[in-house]
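J.: For reference, this is model.cif, and it has mmCIF, C-alpha atoms.
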data_model
#
loop_
_atom_site.label_atom_id
_atom_site.label_comp_id
_atom_site.auth_asym_id
_atom_site.auth_seq_id
_atom_site.Cartn_x
_atom_site.Cartn_y
_atom_site.Cartn_z
CA MET A 1 -8.67 14.26 22.64
CA THR A 2 -10.62 11.84 20.45
CA ALA A 3 -14.32 12.64 19.99
CA ALA A 4 -16.90 10.62 21.89
CA ALA A 5 -17.53 7.30 20.21
CA PRO A 6 -20.62 7.10 17.97
CA THR A 7 -23.43 4.69 18.86
CA ARG A 8 -22.10 2.25 16.27
CA ARG A 9 -18.43 1.40 15.84
CA LEU A 10 -16.87 2.90 12.72
CA THR A 11 -15.94 -0.53 11.36
CA GLU A 12 -19.61 -1.57 11.51
CA PHE A 13 -20.27 0.85 8.64
CA SER A 14 -17.66 -0.81 6.42
CA HIS A 15 -18.40 -3.73 4.12
CA GLY A 16 -14.70 -4.58 4.17
CA ALA A 17 -11.42 -3.47 5.69
CA GLY A 18 -9.29 -0.67 4.27
CA CYS A 19 -7.48 -1.55 1.04
CA ALA A 20 -9.10 -5.00 1.14
CA CYS A 21 -12.16 -3.14 -0.24
CA LYS A 22 -10.41 -2.62 -3.57
CA LEU A 23 -12.09 -4.00 -6.67
CA ALA A 24 -10.85 -7.51 -7.37
CA PRO A 25 -7.58 -7.19 -9.34
CA GLY A 26 -8.79 -9.35 -12.22
CA LEU A 27 -11.97 -7.29 -12.58
CA LEU A 28 -10.01 -4.03 -12.44
CA ALA A 29 -7.56 -5.26 -15.10
CA GLU A 30 -10.48 -6.19 -17.36
CA VAL A 31 -11.97 -2.69 -17.07
CA LEU A 32 -8.63 -0.98 -17.72
CA THR A 33 -8.16 -2.88 -20.99
CA THR A 34 -11.11 -0.91 -22.39
CA LEU A 35 -9.30 2.41 -21.91
CA THR A 36 -6.87 3.97 -24.36
CA PRO A 37 -3.62 4.95 -22.59
CA PRO A 38 -2.85 8.67 -22.96
CA ASN A 39 -0.01 9.57 -25.29
CA ALA A 40 1.93 12.65 -24.17
CA PRO A 41 5.70 13.20 -24.35
CA ASP A 42 5.89 14.61 -20.82
CA LEU A 43 3.91 11.76 -19.22
CA LEU A 44 6.80 9.75 -17.79
CA VAL A 45 4.65 7.20 -15.95
CA GLY A 46 1.07 6.49 -16.94
CA THR A 47 -1.24 3.49 -16.73
CA GLU A 48 0.71 0.95 -18.78
CA THR A 49 2.07 -1.12 -15.88
CA GLY A 50 -0.39 -0.13 -13.15
CA ASP A 51 2.26 1.84 -11.27
CA ASP A 52 1.61 3.57 -7.95
CA ALA A 53 1.23 7.12 -9.30
CA ALA A 54 1.38 9.19 -12.46
CA VAL A 55 4.52 11.24 -13.18
CA TRP A 56 4.48 14.34 -15.40
CA ARG A 57 7.72 16.08 -16.43
CA LEU A 58 7.78 19.85 -15.97
CA ASP A 59 11.35 20.41 -17.11
CA ALA A 60 14.76 18.71 -17.05
CA ASP A 61 14.97 18.82 -13.25
CA ARG A 62 11.38 18.60 -12.03
CA ALA A 63 8.42 16.27 -12.40
CA LEU A 64 5.08 16.10 -10.63
CA VAL A 65 3.83 12.90 -8.99
CA ALA A 66 0.05 12.57 -8.63
CA THR A 67 -2.00 9.89 -6.90
CA THR A 68 -5.21 9.31 -4.98
CA ASP A 69 -6.30 6.71 -2.43
CA PHE A 70 -9.26 6.38 -0.07
CA PHE A 71 -11.04 3.58 1.77
CA THR A 72 -13.61 2.58 4.38
CA PRO A 73 -12.88 2.44 8.15
CA LEU A 74 -10.57 -0.37 9.27
CA VAL A 75 -10.21 0.79 12.90
CA ASP A 76 -12.76 2.28 15.27
CA ASP A 77 -10.69 5.28 16.38
CA ALA A 78 -11.60 8.13 14.03
CA ARG A 79 -8.32 10.02 14.29
CA ALA A 80 -6.29 6.82 13.80
CA TRP A 81 -8.32 6.04 10.67
CA GLY A 82 -7.57 9.51 9.31
CA ARG A 83 -3.87 9.09 10.02
CA ILE A 84 -3.78 5.67 8.36
CA ALA A 85 -5.63 6.81 5.25
CA ALA A 86 -3.41 9.87 4.82
CA GLN A 87 -0.19 7.91 5.27
CA ASN A 88 -1.44 5.27 2.84
CA ALA A 89 -2.13 7.89 0.16
CA ALA A 90 1.22 9.64 0.61
CA SER A 91 2.99 6.29 0.32
CA ASP A 92 2.33 6.17 -3.42
CA VAL A 93 4.49 9.28 -3.85
CA TYR A 94 7.31 7.76 -1.79
CA ALA A 95 7.05 4.57 -3.87
CA MET A 96 7.88 6.63 -6.96
CA GLY A 97 10.96 8.10 -5.25
CA GLY A 98 9.28 11.47 -4.67
CA ARG A 99 8.16 13.67 -1.81
CA PRO A 100 4.60 14.97 -1.22
CA LEU A 101 3.91 18.69 -1.66
CA PHE A 102 0.20 19.06 -0.92
CA ALA A 103 -3.00 17.03 -0.79
CA LEU A 104 -6.78 17.33 -1.03
CA ASN A 105 -9.25 15.50 1.21
CA ILE A 106 -11.68 12.95 -0.22
CA VAL A 107 -14.68 12.38 2.07
CA ALA A 108 -17.85 10.27 1.90
CA TRP A 109 -19.91 10.63 5.07
CA PRO A 110 -23.25 9.30 6.42
CA SER A 111 -24.35 12.62 7.88
CA SER A 112 -27.55 11.19 9.38
CA GLU A 113 -25.69 8.35 11.12
CA LEU A 114 -22.36 9.80 12.27
CA PRO A 115 -21.84 13.23 13.87
CA THR A 116 -19.59 15.75 12.18
CA SER A 117 -17.44 15.76 15.32
CA VAL A 118 -16.27 12.28 14.29
CA LEU A 119 -15.50 13.54 10.78
CA ALA A 120 -13.52 16.38 12.34
CA GLU A 121 -11.37 13.78 14.11
CA VAL A 122 -10.78 11.92 10.85
CA LEU A 123 -9.69 15.11 9.11
CA ALA A 124 -7.49 16.08 12.06
CA GLY A 125 -5.72 12.73 11.78
CA GLY A 126 -5.04 13.31 8.10
CA ALA A 127 -3.74 16.81 8.80
CA GLU A 128 -1.40 15.44 11.48
CA ILE A 129 0.21 13.02 9.01
CA ALA A 130 0.59 15.81 6.46
CA ALA A 131 2.30 18.04 9.02
CA GLU A 132 4.61 15.22 10.08
CA GLY A 133 5.45 14.52 6.42
CA GLY A 134 6.11 18.16 5.53
CA PHE A 135 3.16 18.64 3.18
CA ALA A 136 -0.16 20.46 3.46
CA VAL A 137 -3.81 19.45 3.14
CA VAL A 138 -5.53 22.33 1.35
CA GLY A 139 -9.21 21.50 0.94
CA GLY A 140 -10.97 18.69 -0.88
CA HIS A 141 -14.42 17.35 -1.70
CA SER A 142 -17.19 15.55 0.20
CA VAL A 143 -20.40 13.65 -0.59
CA ASP A 144 -23.14 12.20 1.61
CA ASP A 145 -22.80 8.41 1.54
CA PRO A 146 -24.23 5.56 3.68
CA GLU A 147 -20.71 4.13 4.01
CA PRO A 148 -17.95 6.43 5.33
CA LYS A 149 -14.81 6.73 3.24
CA TYR A 150 -11.72 8.90 3.60
CA GLY A 151 -8.46 9.48 1.79
CA LEU A 152 -6.34 12.00 -0.08
CA ALA A 153 -5.39 13.08 -3.55
CA VAL A 154 -1.67 13.84 -3.25
CA VAL A 155 0.65 15.84 -5.50
CA GLY A 156 4.39 15.49 -5.05
CA GLU A 157 7.64 16.07 -6.91
CA VAL A 158 10.54 13.94 -8.10
CA HIS A 159 13.59 14.41 -10.31
CA PRO A 160 12.79 12.97 -13.75
CA ASP A 161 15.99 10.89 -13.68
CA ARG A 162 15.30 9.40 -10.24
CA VAL A 163 11.79 8.05 -10.69
CA LEU A 164 11.26 4.62 -9.14
CA ARG A 165 8.94 2.41 -11.20
CA ASN A 166 7.33 -0.96 -10.75
CA SER A 167 8.96 -1.96 -14.05
CA GLY A 168 12.50 -1.32 -12.79
CA LEU A 169 13.54 -4.63 -11.22
CA ARG A 170 16.81 -6.01 -12.68
CA ASP A 171 18.31 -9.47 -13.04
CA GLY A 172 20.24 -10.19 -9.84
CA ASP A 173 18.44 -7.66 -7.62
CA ALA A 174 17.72 -8.64 -4.03
CA LEU A 175 14.20 -7.81 -2.83
CA VAL A 176 13.70 -5.63 0.26
CA LEU A 177 10.40 -5.29 2.16
CA THR A 178 10.15 -2.49 4.72
CA LYS A 179 7.05 -3.38 6.79
CA PRO A 180 5.62 -6.68 8.09
CA LEU A 181 2.55 -8.33 6.57
CA GLY A 182 -0.73 -9.12 8.29
CA ILE A 183 -2.71 -5.88 8.18
CA GLY A 184 -5.65 -7.30 6.22
CA ILE A 185 -6.11 -10.19 8.62
CA THR A 186 -5.77 -7.85 11.60
CA ALA A 187 -8.35 -5.43 10.20
CA THR A 188 -10.77 -8.30 9.63
CA ALA A 189 -10.24 -9.41 13.25
CA ILE A 190 -10.92 -5.84 14.45
CA LYS A 191 -14.18 -5.74 12.52
CA ALA A 192 -15.16 -9.09 14.08
CA GLY A 193 -14.16 -7.94 17.59
CA ARG A 194 -11.50 -10.67 17.82
CA ALA A 195 -8.24 -8.71 17.55
CA PRO A 196 -5.97 -8.65 20.62
CA GLU A 197 -5.26 -5.09 21.79
CA GLU A 198 -1.50 -5.59 21.43
CA LEU A 199 -1.90 -6.61 17.78
CA VAL A 200 -4.22 -3.66 17.08
CA ALA A 201 -1.65 -1.25 18.52
CA ARG A 202 1.14 -2.87 16.49
CA ALA A 203 -0.92 -2.70 13.29
CA VAL A 204 -1.89 0.97 13.78
CA ALA A 205 1.74 1.87 14.48
CA SER A 206 2.80 0.13 11.26
CA MET A 207 0.08 1.72 9.12
CA THR A 208 0.77 5.23 10.42
CA ALA A 209 4.55 4.93 9.94
CA SER A 210 5.89 6.88 6.96
CA ASN A 211 7.64 5.25 4.01
CA ALA A 212 9.79 8.35 3.46
CA ALA A 213 12.89 6.79 5.03
CA ALA A 214 12.34 3.62 3.01
CA ALA A 215 12.19 5.65 -0.20
CA ARG A 216 15.44 7.42 0.66
CA ALA A 217 17.09 4.08 1.42
CA ALA A 218 15.90 2.64 -1.89
CA LEU A 219 17.34 5.57 -3.84
CA ALA A 220 20.60 5.45 -1.89
CA ALA A 221 20.88 1.74 -2.70
CA GLY A 222 20.58 2.44 -6.42
CA ALA A 223 17.11 0.92 -6.75
CA THR A 224 15.21 1.48 -9.98
CA GLY A 225 12.26 -0.82 -9.23
CA CYS A 226 9.90 -0.09 -6.34
CA THR A 227 6.25 -0.31 -5.30
CA ASP A 228 4.29 -0.11 -2.08
CA VAL A 229 2.47 -3.19 -0.84
CA THR A 230 -1.23 -2.45 -0.38
CA GLY A 231 -4.52 -4.02 -1.41
CA PHE A 232 -3.20 -6.64 -3.84
CA GLY A 233 -0.89 -8.12 -1.20
CA LEU A 234 2.81 -8.90 -1.46
CA LEU A 235 2.26 -11.57 -4.11
CA GLY A 236 -0.03 -9.39 -6.21
CA HIS A 237 2.21 -6.34 -6.21
CA LEU A 238 5.33 -8.45 -6.76
CA MET A 239 3.67 -10.23 -9.67
CA LYS A 240 2.85 -6.88 -11.29
CA MET A 241 6.47 -5.78 -10.80
CA ALA A 242 7.85 -9.05 -12.18
CA VAL A 243 5.66 -8.94 -15.30
CA ALA A 244 6.44 -5.27 -15.96
CA SER A 245 10.19 -5.82 -15.36
CA ARG A 246 10.39 -9.09 -17.32
CA VAL A 247 11.85 -11.00 -14.38
CA ASP A 248 10.96 -13.96 -12.18
CA ALA A 249 11.02 -13.59 -8.40
CA VAL A 250 12.11 -16.09 -5.77
CA LEU A 251 10.67 -15.43 -2.30
CA ASP A 252 12.34 -16.75 0.84
CA VAL A 253 9.13 -17.35 2.77
CA ALA A 254 10.81 -17.63 6.17
CA ALA A 255 12.42 -14.21 5.67
CA VAL A 256 9.13 -12.38 5.00
CA PRO A 257 8.17 -10.49 8.20
CA VAL A 258 4.65 -11.14 9.52
CA MET A 259 3.19 -9.47 12.62
CA PRO A 260 3.06 -11.75 15.67
CA GLY A 261 -0.33 -13.39 16.20
CA VAL A 262 -1.52 -12.99 12.61
CA ARG A 263 -0.89 -16.59 11.58
CA ALA A 264 -3.04 -17.86 14.45
CA LEU A 265 -5.90 -15.62 13.30
CA ALA A 266 -5.54 -16.89 9.73
CA GLU A 267 -5.56 -20.47 10.93
CA ALA A 268 -8.78 -19.67 12.81
CA GLY A 269 -10.36 -18.61 9.52
CA ILE A 270 -10.13 -14.84 9.98
CA LEU A 271 -9.21 -13.79 6.45
CA PRO A 272 -10.46 -10.83 4.37
CA GLY A 273 -12.21 -11.58 1.11
CA GLY A 274 -9.64 -9.36 -0.63
CA SER A 275 -6.82 -11.68 0.42
CA ARG A 276 -8.63 -14.71 -0.99
CA ARG A 277 -9.26 -12.84 -4.26
CA ASN A 278 -5.56 -11.95 -4.39
CA ARG A 279 -4.64 -15.58 -3.87
CA ASP A 280 -6.88 -16.68 -6.74
CA TRP A 281 -5.57 -13.92 -9.01
CA VAL A 282 -1.88 -14.77 -8.58
CA ALA A 283 -2.31 -18.56 -8.48
CA PRO A 284 -1.38 -19.16 -12.18
CA SER A 285 1.92 -17.27 -11.67
CA VAL A 286 2.98 -18.72 -8.29
CA ASP A 287 4.92 -21.94 -7.72
CA ALA A 288 4.09 -22.62 -4.06
CA GLY A 289 6.32 -25.69 -3.81
CA GLY A 290 5.68 -27.43 -0.50
CA PHE A 291 4.11 -24.43 1.22
CA GLY A 292 0.54 -24.72 2.47
CA GLU A 293 -2.49 -22.58 1.81
CA ILE A 294 -2.06 -20.49 4.97
CA ASP A 295 1.50 -19.58 3.95
CA VAL A 296 0.30 -18.43 0.53
CA LEU A 297 -2.69 -16.54 1.95
CA LEU A 298 -0.39 -14.65 4.33
CA LEU A 299 1.74 -13.59 1.37
CA ALA A 300 -1.42 -12.55 -0.50
CA ASP A 301 -2.94 -10.72 2.49
CA ALA A 302 -4.45 -7.39 1.44
CA GLN A 303 -2.38 -4.68 3.13
CA THR A 304 -3.27 -1.10 3.98
CA SER A 305 -0.41 1.42 4.20
CA GLY A 306 2.11 -1.39 3.81
CA GLY A 307 5.83 -1.07 3.30
CA LEU A 308 7.88 -0.46 0.20
CA LEU A 309 9.11 -3.38 -1.88
CA PHE A 310 12.23 -2.57 -3.89
CA GLY A 311 15.13 -4.28 -5.62
CA ALA A 312 18.82 -3.48 -5.29
CA GLU A 313 22.18 -5.14 -5.84
CA PRO A 314 22.49 -7.68 -2.97
CA ASP A 315 25.24 -5.96 -0.98
CA ARG A 316 23.52 -2.60 -1.30
CA ALA A 317 20.17 -4.18 -0.34
CA ARG A 318 21.71 -5.52 2.87
CA SER A 319 23.25 -2.12 3.56
CA ALA A 320 19.84 -0.49 3.05
CA VAL A 321 18.27 -2.88 5.58
CA ALA A 322 21.01 -2.04 8.10
CA ALA A 323 20.59 1.69 7.52
CA LEU A 324 16.82 1.45 7.95
CA ALA A 325 17.26 -0.48 11.19
CA GLY A 326 19.29 2.48 12.45
CA VAL A 327 16.24 4.75 12.04
CA GLY A 328 13.77 2.29 13.48
CA VAL A 329 12.48 0.68 10.27
CA ALA A 330 12.50 -3.13 10.47
CA ALA A 331 13.16 -4.00 6.83
CA ALA A 332 14.26 -7.39 5.51
CA VAL A 333 15.77 -8.96 2.40
CA ILE A 334 13.07 -11.43 1.34
CA GLY A 335 14.25 -12.85 -1.99
CA ASP A 336 15.80 -12.08 -5.35
CA VAL A 337 14.94 -11.76 -9.02
CA ARG A 338 16.28 -13.10 -12.28
CA THR A 339 15.40 -12.64 -15.95
CA GLY A 340 12.08 -14.30 -16.65
CA THR A 341 8.42 -13.91 -17.53
CA GLY A 342 6.75 -12.76 -14.31
CA ARG A 343 6.60 -15.96 -12.26
CA ILE A 344 7.04 -16.17 -8.48
CA VAL A 345 8.68 -19.16 -6.80
CA LEU A 346 8.36 -19.76 -3.05
CA ARG A 347 11.33 -21.39 -1.35
#
Just give me the structure of the file as structure tokens.

T.:
Amino acid sequence: MTAAAPTRRLTEFSHGAGCACKLAPGLLAEVLTTLTPPNAPDLLVGTETGDDAAVWRLDADRALVATTDFFTPLVDDARAWGRIAAQNAASDVYAMGGRPLFALNIVAWPSSELPTSVLAEVLAGGAEIAAEGGFAVVGGHSVDDPEPKYGLAVVGEVHPDRVLRNSGLRDGDALVLTKPLGIGITATAIKAGRAPEELVARAVASMTASNAAAARAALAAGATGCTDVTGFGLLGHLMKMAVASRVDAVLDVAAVPVMPGVRALAEAGILPGGSRRNRDWVAPSVDAGGFGEIDVLLLADAQTSGGLLFGAEPDRARSAVAALAGVGVAAAVIGDVRTGTGRIVLR
């Protein structure tokens, strides 16, 4: 049973919606340029390309994957928020080709405004996702904060020779996306009280769905390049992959899955600020052709617990999509890549 609703809706405490609350990508990039990347022979993946998680080699057959992710409420059901946040954090491990081992809770809570019974529901949701994913939540840290926030620090494992990286796209790869877009717009509509119940249910189901099967499909297809699509949107994460991999990407806009009803909300002006910031950030690298602003904003929509985006040889990419359909994951081939300089062309 979910705890009794607080006097105020959870989303009323949030200045934004889920991963749309990330720092603007341009601002974050500026800050990161001031840091000196660590230099260690066993650090297989660090900060150089802004990958999804760090990877540290233990020996010839084992490496640790470490990541953290947390955000403000994007739904009003406390347990659902906990489930979404936990799945979102674990997704970074899957995006590296690994599997989660254990996690620690990260909690910021307005103790004078929200009862601890609501926090208990959030934590229970996170624990449920961990149990379903075969890993454990073993403690964490909390602070008193006017704005509630929740997430996990996750540690996983991967074979050092099977790490998926955002720099691994190859000339000729077909691009596969494993979840539909539209979460940022939906979360903004929820906060405004304008989201249809059917769309809310569809969005929660998508955000709480694991990317474990998608990671297995990517590895089986021979993928070397992979990321998960979250706060920087499909265009932002693809641009980072293309730059790091030294390729250009061509997106088949009609093939990109978008949740039903989301376009109508976007056309009505319901768009998160994070999606607009993403659009501005990627604009110099995107050739939109004849596509309008709404099309581009949908592709830049800030996702929370989005799908995996990976590249594979075209026949193997199509086989991966078919295999994922067999386990209930509605993936799609959405474009291809070729040697280049990090540009994205919409067709």

J.: So what does the PyMOL selection byres ((chain A and resi 335) around 7) actually pick up in this one, as a list in words?

T.: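 Those residues are Ala174, Leu175, Val250, Leu251, Asp252, Val333, Ile334 and Asp336 of chain A.
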
J.: Taking 2 positions as the minimum chain separation for residues in the same chain, which residues sit within 10 Å of A:Leu74 when counting all atoms listed in the file? Answer as a PyMOL selection string.

T.: chain A and resi 10-20+71-72+76-78+80-81+84-85+183-184+186-191+204+304

J.: Identify which of the residues A:Ala53, A:Ala89, A:Ala95, A:Ala212 lies closest to A:Thr224, counting only C-alpha atoms when measuring atom-to-atom distances.

T.: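 Using only C-alpha atoms, A:Thr224 sits closest to A:Ala95.
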
J.: Would you give the centre and edge lengths, in Å to one decimal, of a box along x, y and z around the listed atoms of stretch 255-270 of chain A, with 6 Å added to each side, as AutoDock Vina command-line options?

T.:
--center_x 1.0 --center_y -15.0 --center_z 10.6 --size_x 34.8 --size_y 23.0 --size_z 23.2

J.: Report as a list in words the residues that result from applying the PyMOL selection byres ((chain A and resi 253-263) around 7) to the structure here.

T.: Pro180, Leu181, Gly182, Ile185, Thr186, Leu251, Asp252, Ala264, Leu265, Ala266, Glu267, Ile334, Leu346 and Arg347 of chain A

J.: Between atom CA of A:Val118 and atom CA of A:Ala66, what is the distance in Å, rounded to a tenth?

T.: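 If I compute the distance from atom CA of A:Val118 to atom CA of A:Ala66, I get 28.1 Å.
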
J.: Can you translate the PyMOL selection byres ((chain A and resi 36-48) around 10) into the concrete residues it hits in this file, as an mmCIF file with C-alpha atoms, in the frame of the given file?

T.:
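Full text of selection-v4.cif as output:
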data_model
loop_
_atom_site.group_PDB
_atom_site.id
_atom_site.type_symbol
_atom_site.label_atom_id
_atom_site.label_comp_id
_atom_site.auth_asym_id
_atom_site.auth_seq_id
_atom_site.Cartn_x
_atom_site.Cartn_y
_atom_site.Cartn_z
ATOM 1 C CA LEU A 32 -8.630 -0.980 -17.720
ATOM 2 C CA THR A 33 -8.160 -2.880 -20.990
ATOM 3 C CA THR A 34 -11.110 -0.910 -22.390
ATOM 4 C CA LEU A 35 -9.300 2.410 -21.910
ATOM 5 C CA THR A 49 2.070 -1.120 -15.880
ATOM 6 C CA GLY A 50 -0.390 -0.130 -13.150
ATOM 7 C CA ASP A 51 2.260 1.840 -11.270
ATOM 8 C CA ASP A 52 1.610 3.570 -7.950
ATOM 9 C CA ALA A 53 1.230 7.120 -9.300
ATOM 10 C CA ALA A 54 1.380 9.190 -12.460
ATOM 11 C CA VAL A 55 4.520 11.240 -13.180
ATOM 12 C CA TRP A 56 4.480 14.340 -15.400
ATOM 13 C CA ARG A 57 7.720 16.080 -16.430
ATOM 14 C CA LEU A 58 7.780 19.850 -15.970
ATOM 15 C CA ASP A 59 11.350 20.410 -17.110
ATOM 16 C CA ALA A 63 8.420 16.270 -12.400
ATOM 17 C CA LEU A 64 5.080 16.100 -10.630
ATOM 18 C CA VAL A 65 3.830 12.900 -8.990
ATOM 19 C CA MET A 96 7.880 6.630 -6.960
ATOM 20 C CA PRO A 160 12.790 12.970 -13.750
ATOM 21 C CA VAL A 163 11.790 8.050 -10.690
ATOM 22 C CA LEU A 164 11.260 4.620 -9.140
ATOM 23 C CA ARG A 165 8.940 2.410 -11.200
ATOM 24 C CA SER A 167 8.960 -1.960 -14.050
ATOM 25 C CA ALA A 244 6.440 -5.270 -15.960
#

J.: In Å to one decimal, how far is atom CA of A:Leu235 from atom CA of A:Ile344?

T.: 7.9 Å

J.: Would you pick out the contacts of A:Thr230 at 9 Å or less, using only C-alpha atoms, so that residues sharing its chain but fewer than 5 positions from it are not included, and give the list as a PyMOL selection string?

T.: chain A and resi 19-20+88+237+301-307

J.: Might you pull out every residue within 8 Å of A:Arg99, with only C-alpha atoms counted and same-chain residues fewer than 5 positions away left off, and present them as JSON, numbers by chain?

T.: {"A": [93, 94, 156, 157, 158, 212]}

J.: Which one of A:Arg279, A:Arg194, A:Lys240, A:Lys179 sits closest to A:Leu297 if you count all atoms listed in the file?

T.: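 Distance minimum relative to A:Leu297 lands on A:Arg279.
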
J.: Could you work out how far atom CA of A:Ala331 lies from atom CA of A:Ala153, giving the answer in Å with one decimal?

T.: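 Taking atom CA of A:Ala153 and atom CA of A:Ala331, their separation equals 27.3 Å.
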
J.: Take the point (2.5, -18.4, -4.1) in the file's coordinates, draw a sphere of radius 12 Å around it, and report as an MDAnalysis selection string every protein, DNA or RNA residue with an atom inside or on it, counting only C-alpha atoms.

T.: chainID A and resid 233:236 238:239 249:253 278:301 343:347

J.: Restricting the calculation to only C-alpha atoms, which member of A:Val176, A:Phe135, A:Asn166, A:Val75 is positioned closest to A:Ala218?

T.: A:Val176
